[in-house]
Amino acid sequence: MTALYILLAAFVGSFIQSASGFGYAIVVMSILPLFIPFQSAAIVEVLSALAMVLWIAVKYRRHIHWKLLWWPLVANGVFSLAGIWFQSGSAETLLRRILGVTLVVLSLYFIFFSSKLVIRANLWTGLAAGTVSGLCGGLMSIGGPPMVAYYLAATRSKEEYAATLQTYFVFSTIYIFAAHVAMGHVTGQILSWSALALVGLAAGTFCGLKLFDRLSADGLKKVVCGFMAVVGCYLVITG
């Protein structure tokens with residue numbers, strides 16, 4: 001059953017991210033910590049996500065806005081290590097509850113505030129987004145939402161948004177995975193789970209890209225946010 005859950009989580013998460021630009025980490029990290037250890041789930045998400053974001057970045061490579069990448073990545077590089085360090089020394093129950101609170105907060109943000117808040121793209125907002133993304137990415141493998149908000153404000157088209165966001169994820173994901181390898185967190189079991197996730201991810205990415213031009217981003221976000229809120233409450237209560 002664990003293999004089935006990994007396949008389904010990777011499929012749904014990659015479908016949503018391919019169609020809307022984000023969501024893979026949120027879906028995978030909502031489901032996998034219910035069935036496998038938290039840190040293992042985080043590494044499986046990071047390793048499997050790399051294939052997806054690399055593929056999307058290459059597909060839309062002509063639209064990448066390179067100047068928007070560097071300052072967020074600098075901040076991410078510093079603060080993602082802090083997140084990994086905290087993850088390594090924390091109890092499983094605490095990590096699950098932190099994840100639960102984060103999911104609830106994210107769901108409330110995307111439902112009620114994301115369309116009302118206006119973020120100006122500049123050096124300071126780029127550093128701030130990279131800082132929050134790095135902390136959340138290192139701690140919970142959910143570094144996407146701050147960068148989604150930043151690149152939605154900073155880019156000029158749907159293609160530029162998708163290309164720049166996924167390229168950011170390519171660099172940040174490689175960095176976080178390398179840090180886990182250096183700290184000795186990657187095991188054979190994690191690699192086998194990641195291989196299963198890649199199978200589901202391939203199918204989900206293919207389907208999501210097919211619907212990229214047709215899908216209602218607002219409808220998709222509402223479904224994801226409702227799912228986040230339910231799972232988040234469950235994790236906060238049960239730990």
# chains A, B, ... in the order shown; residues from 1 in each chain; ligands from 1
>>> residues_around(residues="stretch 167-174 of chain A", least_positions_apart="4", cutoff="6 Å", atoms="only C-alpha atoms", output="short mmCIF file (atom, residue, chain, number, x, y, z; two decimals) with all heavy atoms, in the first residue's frame")
data_model
loop_
_atom_site.label_atom_id
_atom_site.label_comp_id
_atom_site.auth_asym_id
_atom_site.auth_seq_id
_atom_site.Cartn_x
_atom_site.Cartn_y
_atom_site.Cartn_z
N VAL A 46 11.98 15.90 -2.75
CA VAL A 46 13.05 16.68 -3.38
C VAL A 46 13.63 15.95 -4.58
O VAL A 46 13.78 16.53 -5.67
CB VAL A 46 14.16 16.98 -2.34
CG1 VAL A 46 15.42 17.48 -3.03
CG2 VAL A 46 13.67 18.02 -1.34
N VAL A 53 10.70 19.45 -12.51
CA VAL A 53 10.98 20.87 -12.72
C VAL A 53 12.04 21.07 -13.81
O VAL A 53 11.98 22.05 -14.55
CB VAL A 53 11.41 21.55 -11.40
CG1 VAL A 53 10.27 21.50 -10.39
CG2 VAL A 53 12.67 20.93 -10.80
N LEU A 54 12.97 20.12 -13.92
CA LEU A 54 13.98 20.20 -14.98
C LEU A 54 13.33 20.08 -16.35
O LEU A 54 13.64 20.83 -17.28
CB LEU A 54 15.03 19.11 -14.78
CG LEU A 54 16.19 19.09 -15.78
CD1 LEU A 54 16.96 20.41 -15.74
CD2 LEU A 54 17.12 17.92 -15.49
N ALA A 57 11.35 23.30 -17.08
CA ALA A 57 12.27 24.41 -17.33
C ALA A 57 12.89 24.31 -18.72
O ALA A 57 13.03 25.32 -19.43
CB ALA A 57 13.36 24.44 -16.26
#
>>> residues_around(residues="stretch 68-83 of chain A", least_positions_apart="6", cutoff="8 Å", atoms="only C-alpha atoms", output="MDAnalysis selection string")
chainID A and resid 123 126:140 154 164 168 171:172 175:176 179
>>> residues_around(residues="stretch 87-97 of chain A", least_positions_apart="4", cutoff="7 Å", atoms="only C-alpha atoms", output="PDB file with N, CA, C and O atoms, in the first residue's frame")
ATOM      1  N   PHE A  38       8.975  11.358   8.290  1.00  0.00           N
ATOM      2  CA  PHE A  38       8.896  12.722   7.762  1.00  0.00           C
ATOM      3  C   PHE A  38      10.110  13.071   6.908  1.00  0.00           C
ATOM      4  O   PHE A  38       9.976  13.571   5.785  1.00  0.00           O
ATOM      5  N   GLY A  83      16.958  25.232   7.627  1.00  0.00           N
ATOM      6  CA  GLY A  83      15.769  24.383   7.691  1.00  0.00           C
ATOM      7  C   GLY A  83      16.117  22.909   7.798  1.00  0.00           C
ATOM      8  O   GLY A  83      15.516  22.172   8.584  1.00  0.00           O
ATOM      9  N   VAL A 101       0.341  23.036  10.524  1.00  0.00           N
ATOM     10  CA  VAL A 101       0.064  24.469  10.656  1.00  0.00           C
ATOM     11  C   VAL A 101       0.392  25.189   9.350  1.00  0.00           C
ATOM     12  O   VAL A 101      -0.370  26.060   8.889  1.00  0.00           O
ATOM     13  N   LEU A 139      13.155  22.705   5.626  1.00  0.00           N
ATOM     14  CA  LEU A 139      12.463  22.074   6.748  1.00  0.00           C
ATOM     15  C   LEU A 139      11.395  21.085   6.308  1.00  0.00           C
ATOM     16  O   LEU A 139      11.298  19.975   6.836  1.00  0.00           O
ATOM     17  N   LEU A 235      -2.984  16.732  10.761  1.00  0.00           N
ATOM     18  CA  LEU A 235      -1.623  16.639  11.274  1.00  0.00           C
ATOM     19  C   LEU A 235      -1.458  17.415  12.579  1.00  0.00           C
ATOM     20  O   LEU A 235      -0.745  16.981  13.485  1.00  0.00           O
ATOM     21  N   VAL A 236      -2.100  18.583  12.682  1.00  0.00           N
ATOM     22  CA  VAL A 236      -2.015  19.376  13.911  1.00  0.00           C
ATOM     23  C   VAL A 236      -2.641  18.617  15.086  1.00  0.00           C
ATOM     24  O   VAL A 236      -2.105  18.596  16.199  1.00  0.00           O
ATOM     25  N   GLY A 239      -0.572  14.829  15.263  1.00  0.00           N
ATOM     26  CA  GLY A 239       0.877  14.903  15.447  1.00  0.00           C
ATOM     27  C   GLY A 239       1.615  13.740  14.832  1.00  0.00           C
ATOM     28  O   GLY A 239       1.129  13.037  13.985  1.00  0.00           O
TER      29      GLY A 239
END
>>> closest_residue(among="A:Ala121, A:Leu191, A:Val12, A:Cys233", to="A:Lys67", atoms="only C-alpha atoms")
A:Ala121
>>> residues_around(residues="stretch 161-163 of chain A", least_positions_apart="6", cutoff="6 Å", atoms="only C-alpha atoms", output="short mmCIF file (atom, residue, chain, number, x, y, z; two decimals) with N, CA, C and O atoms, in the first residue's frame")
data_model
loop_
_atom_site.label_atom_id
_atom_site.label_comp_id
_atom_site.auth_asym_id
_atom_site.auth_seq_id
_atom_site.Cartn_x
_atom_site.Cartn_y
_atom_site.Cartn_z
N GLY A 21 1.83 25.45 -12.13
CA GLY A 21 3.11 26.03 -11.72
C GLY A 21 3.56 25.66 -10.33
O GLY A 21 4.71 25.84 -9.98
N ALA A 57 11.35 23.30 -17.08
CA ALA A 57 12.27 24.41 -17.33
C ALA A 57 12.89 24.31 -18.72
O ALA A 57 13.03 25.32 -19.43
N TYR A 60 10.28 25.21 -21.50
CA TYR A 60 10.00 26.64 -21.66
C TYR A 60 11.26 27.49 -21.51
O TYR A 60 11.18 28.66 -21.14
N HIS A 63 11.80 31.23 -22.36
CA HIS A 63 11.05 32.26 -21.64
C HIS A 63 11.66 32.55 -20.26
O HIS A 63 11.10 33.36 -19.51
N ILE A 64 12.79 31.92 -19.91
CA ILE A 64 13.38 32.12 -18.58
C ILE A 64 13.86 33.56 -18.43
O ILE A 64 14.57 34.09 -19.29
N TYR A 151 7.04 35.44 -8.32
CA TYR A 151 7.16 35.38 -9.78
C TYR A 151 5.86 35.73 -10.50
O TYR A 151 5.89 36.17 -11.65
N THR A 155 6.91 38.47 -13.34
CA THR A 155 6.97 38.04 -14.74
C THR A 155 5.83 38.63 -15.56
O THR A 155 4.83 39.09 -15.03
#
>>> select_by_dssp(residues="stretch 78-183 of chain A", states="helix (DSSP H, G or I)", output="JSON, numbers by chain")
{"A": [78, 79, 80, 81, 82, 83, 84, 85, 86, 87, 88, 92, 93, 94, 95, 96, 97, 98, 99, 100, 101, 102, 103, 104, 105, 106, 107, 108, 109, 110, 111, 112, 113, 123, 124, 125, 126, 127, 128, 129, 130, 131, 132, 133, 134, 135, 136, 137, 138, 139, 140, 144, 145, 146, 147, 148, 149, 150, 151, 152, 153, 154, 158, 159, 160, 161, 162, 163, 164, 165, 166, 167, 168, 169, 170, 171, 172, 173, 174, 175, 176, 177, 178, 179, 180, 181, 182]}
>>> closest_residue(among="A:Ala182, A:Ile36, A:Leu7, A:Leu99", to="A:Leu198", atoms="only C-alpha atoms")
A:Leu7
>>> closest_residue(among="A:Ala51, A:Ala153, A:Val105, A:Ile56", to="A:Leu209", atoms="only C-alpha atoms")
A:Ile56
>>> closest_residue(among="A:Ile237, A:Cys225, A:Ile43, A:Ala49", to="A:Gln189", atoms="only C-alpha atoms")
A:Ile43
>>> atom_distance(atom1="atom CA of A:Thr125", atom2="atom CA of A:Trp66")
16.2 Å
>>> atom_distance(atom1="atom CA of A:Leu165", atom2="atom CA of A:Ile142")
13.7 Å
>>> closest_residue(among="A:Leu108, A:Ala25, A:Ser141, A:Glu159", to="A:Phe177", atoms="only C-alpha atoms")
A:Ser141
>>> atom_distance(atom1="atom CA of A:Ser194", atom2="atom CA of A:Ser48")
5.7 Å
>>> decode(residues="stretch 150-179 of chain A", atoms="N, CA, C and O atoms", output="PDB file, in the first residue's frame")
ATOM      1  N   TYR A 150       5.963  35.700  -5.661  1.00  0.00           N
ATOM      2  CA  TYR A 150       6.963  36.622  -6.184  1.00  0.00           C
ATOM      3  C   TYR A 150       6.999  36.620  -7.712  1.00  0.00           C
ATOM      4  O   TYR A 150       6.976  37.684  -8.348  1.00  0.00           O
ATOM      5  N   TYR A 151       7.040  35.439  -8.317  1.00  0.00           N
ATOM      6  CA  TYR A 151       7.161  35.381  -9.775  1.00  0.00           C
ATOM      7  C   TYR A 151       5.857  35.727 -10.500  1.00  0.00           C
ATOM      8  O   TYR A 151       5.890  36.174 -11.650  1.00  0.00           O
ATOM      9  N   LEU A 152       4.727  35.538  -9.849  1.00  0.00           N
ATOM     10  CA  LEU A 152       3.482  36.025 -10.435  1.00  0.00           C
ATOM     11  C   LEU A 152       3.533  37.545 -10.584  1.00  0.00           C
ATOM     12  O   LEU A 152       3.018  38.107 -11.558  1.00  0.00           O
ATOM     13  N   ALA A 153       4.138  38.221  -9.598  1.00  0.00           N
ATOM     14  CA  ALA A 153       4.253  39.680  -9.651  1.00  0.00           C
ATOM     15  C   ALA A 153       5.358  40.131 -10.595  1.00  0.00           C
ATOM     16  O   ALA A 153       5.249  41.200 -11.216  1.00  0.00           O
ATOM     17  N   ALA A 154       6.419  39.340 -10.717  1.00  0.00           N
ATOM     18  CA  ALA A 154       7.616  39.795 -11.421  1.00  0.00           C
ATOM     19  C   ALA A 154       7.628  39.474 -12.913  1.00  0.00           C
ATOM     20  O   ALA A 154       8.311  40.159 -13.686  1.00  0.00           O
ATOM     21  N   THR A 155       6.907  38.468 -13.345  1.00  0.00           N
ATOM     22  CA  THR A 155       6.965  38.040 -14.744  1.00  0.00           C
ATOM     23  C   THR A 155       5.832  38.635 -15.564  1.00  0.00           C
ATOM     24  O   THR A 155       4.830  39.093 -15.035  1.00  0.00           O
ATOM     25  N   ARG A 156       5.998  38.587 -16.897  1.00  0.00           N
ATOM     26  CA  ARG A 156       5.081  39.286 -17.788  1.00  0.00           C
ATOM     27  C   ARG A 156       4.139  38.373 -18.559  1.00  0.00           C
ATOM     28  O   ARG A 156       3.245  38.859 -19.249  1.00  0.00           O
ATOM     29  N   SER A 157       4.316  37.082 -18.479  1.00  0.00           N
ATOM     30  CA  SER A 157       3.446  36.159 -19.200  1.00  0.00           C
ATOM     31  C   SER A 157       3.390  34.829 -18.467  1.00  0.00           C
ATOM     32  O   SER A 157       4.229  34.552 -17.595  1.00  0.00           O
ATOM     33  N   LYS A 158       2.404  34.011 -18.828  1.00  0.00           N
ATOM     34  CA  LYS A 158       2.261  32.701 -18.209  1.00  0.00           C
ATOM     35  C   LYS A 158       3.480  31.832 -18.489  1.00  0.00           C
ATOM     36  O   LYS A 158       3.960  31.098 -17.615  1.00  0.00           O
ATOM     37  N   GLU A 159       4.016  31.924 -19.694  1.00  0.00           N
ATOM     38  CA  GLU A 159       5.180  31.113 -20.065  1.00  0.00           C
ATOM     39  C   GLU A 159       6.431  31.554 -19.312  1.00  0.00           C
ATOM     40  O   GLU A 159       7.214  30.716 -18.849  1.00  0.00           O
ATOM     41  N   GLU A 160       6.621  32.880 -19.183  1.00  0.00           N
ATOM     42  CA  GLU A 160       7.776  33.378 -18.445  1.00  0.00           C
ATOM     43  C   GLU A 160       7.683  33.003 -16.970  1.00  0.00           C
ATOM     44  O   GLU A 160       8.685  32.635 -16.342  1.00  0.00           O
ATOM     45  N   TYR A 161       6.477  33.091 -16.422  1.00  0.00           N
ATOM     46  CA  TYR A 161       6.252  32.679 -15.030  1.00  0.00           C
ATOM     47  C   TYR A 161       6.621  31.211 -14.832  1.00  0.00           C
ATOM     48  O   TYR A 161       7.369  30.862 -13.913  1.00  0.00           O
ATOM     49  N   ALA A 162       6.086  30.337 -15.678  1.00  0.00           N
ATOM     50  CA  ALA A 162       6.345  28.901 -15.541  1.00  0.00           C
ATOM     51  C   ALA A 162       7.826  28.591 -15.711  1.00  0.00           C
ATOM     52  O   ALA A 162       8.406  27.830 -14.924  1.00  0.00           O
ATOM     53  N   ALA A 163       8.459  29.178 -16.724  1.00  0.00           N
ATOM     54  CA  ALA A 163       9.861  28.884 -17.000  1.00  0.00           C
ATOM     55  C   ALA A 163      10.774  29.366 -15.876  1.00  0.00           C
ATOM     56  O   ALA A 163      11.674  28.635 -15.429  1.00  0.00           O
ATOM     57  N   THR A 164      10.564  30.590 -15.394  1.00  0.00           N
ATOM     58  CA  THR A 164      11.434  31.152 -14.360  1.00  0.00           C
ATOM     59  C   THR A 164      11.230  30.449 -13.017  1.00  0.00           C
ATOM     60  O   THR A 164      12.195  30.135 -12.311  1.00  0.00           O
ATOM     61  N   LEU A 165       9.969  30.181 -12.676  1.00  0.00           N
ATOM     62  CA  LEU A 165       9.675  29.490 -11.413  1.00  0.00           C
ATOM     63  C   LEU A 165      10.288  28.101 -11.396  1.00  0.00           C
ATOM     64  O   LEU A 165      10.936  27.703 -10.416  1.00  0.00           O
ATOM     65  N   GLN A 166      10.108  27.337 -12.465  1.00  0.00           N
ATOM     66  CA  GLN A 166      10.641  25.975 -12.488  1.00  0.00           C
ATOM     67  C   GLN A 166      12.163  25.953 -12.538  1.00  0.00           C
ATOM     68  O   GLN A 166      12.789  25.042 -11.989  1.00  0.00           O
ATOM     69  N   THR A 167      12.768  26.955 -13.167  1.00  0.00           N
ATOM     70  CA  THR A 167      14.234  27.035 -13.166  1.00  0.00           C
ATOM     71  C   THR A 167      14.755  27.325 -11.759  1.00  0.00           C
ATOM     72  O   THR A 167      15.778  26.765 -11.333  1.00  0.00           O
ATOM     73  N   TYR A 168      14.052  28.190 -11.043  1.00  0.00           N
ATOM     74  CA  TYR A 168      14.396  28.422  -9.639  1.00  0.00           C
ATOM     75  C   TYR A 168      14.343  27.103  -8.864  1.00  0.00           C
ATOM     76  O   TYR A 168      15.248  26.794  -8.079  1.00  0.00           O
ATOM     77  N   PHE A 169      13.303  26.317  -9.087  1.00  0.00           N
ATOM     78  CA  PHE A 169      13.161  25.038  -8.398  1.00  0.00           C
ATOM     79  C   PHE A 169      14.283  24.068  -8.776  1.00  0.00           C
ATOM     80  O   PHE A 169      14.707  23.264  -7.947  1.00  0.00           O
ATOM     81  N   VAL A 170      14.764  24.109 -10.025  1.00  0.00           N
ATOM     82  CA  VAL A 170      15.858  23.228 -10.434  1.00  0.00           C
ATOM     83  C   VAL A 170      17.081  23.479  -9.554  1.00  0.00           C
ATOM     84  O   VAL A 170      17.652  22.549  -8.966  1.00  0.00           O
ATOM     85  N   PHE A 171      17.491  24.738  -9.442  1.00  0.00           N
ATOM     86  CA  PHE A 171      18.691  25.075  -8.654  1.00  0.00           C
ATOM     87  C   PHE A 171      18.483  24.802  -7.165  1.00  0.00           C
ATOM     88  O   PHE A 171      19.359  24.224  -6.501  1.00  0.00           O
ATOM     89  N   SER A 172      17.339  25.211  -6.628  1.00  0.00           N
ATOM     90  CA  SER A 172      17.112  25.042  -5.187  1.00  0.00           C
ATOM     91  C   SER A 172      16.971  23.570  -4.817  1.00  0.00           C
ATOM     92  O   SER A 172      17.441  23.140  -3.759  1.00  0.00           O
ATOM     93  N   THR A 173      16.351  22.780  -5.687  1.00  0.00           N
ATOM     94  CA  THR A 173      16.167  21.353  -5.415  1.00  0.00           C
ATOM     95  C   THR A 173      17.493  20.602  -5.433  1.00  0.00           C
ATOM     96  O   THR A 173      17.761  19.761  -4.564  1.00  0.00           O
ATOM     97  N   ILE A 174      18.335  20.890  -6.415  1.00  0.00           N
ATOM     98  CA  ILE A 174      19.659  20.259  -6.474  1.00  0.00           C
ATOM     99  C   ILE A 174      20.453  20.583  -5.206  1.00  0.00           C
ATOM    100  O   ILE A 174      21.099  19.720  -4.610  1.00  0.00           O
ATOM    101  N   TYR A 175      20.373  21.828  -4.786  1.00  0.00           N
ATOM    102  CA  TYR A 175      21.122  22.274  -3.600  1.00  0.00           C
ATOM    103  C   TYR A 175      20.650  21.546  -2.343  1.00  0.00           C
ATOM    104  O   TYR A 175      21.463  21.059  -1.548  1.00  0.00           O
ATOM    105  N   ILE A 176      19.342  21.466  -2.160  1.00  0.00           N
ATOM    106  CA  ILE A 176      18.801  20.819  -0.958  1.00  0.00           C
ATOM    107  C   ILE A 176      19.115  19.325  -0.959  1.00  0.00           C
ATOM    108  O   ILE A 176      19.490  18.752   0.067  1.00  0.00           O
ATOM    109  N   PHE A 177      18.977  18.674  -2.123  1.00  0.00           N
ATOM    110  CA  PHE A 177      19.289  17.240  -2.188  1.00  0.00           C
ATOM    111  C   PHE A 177      20.772  16.995  -1.904  1.00  0.00           C
ATOM    112  O   PHE A 177      21.122  16.055  -1.183  1.00  0.00           O
ATOM    113  N   ALA A 178      21.638  17.835  -2.450  1.00  0.00           N
ATOM    114  CA  ALA A 178      23.082  17.689  -2.189  1.00  0.00           C
ATOM    115  C   ALA A 178      23.383  17.837  -0.703  1.00  0.00           C
ATOM    116  O   ALA A 178      24.237  17.126  -0.161  1.00  0.00           O
ATOM    117  N   ALA A 179      22.682  18.736  -0.038  1.00  0.00           N
ATOM    118  CA  ALA A 179      22.877  18.917   1.405  1.00  0.00           C
ATOM    119  C   ALA A 179      22.465  17.655   2.167  1.00  0.00           C
ATOM    120  O   ALA A 179      23.152  17.230   3.104  1.00  0.00           O
TER     121      ALA A 179
END
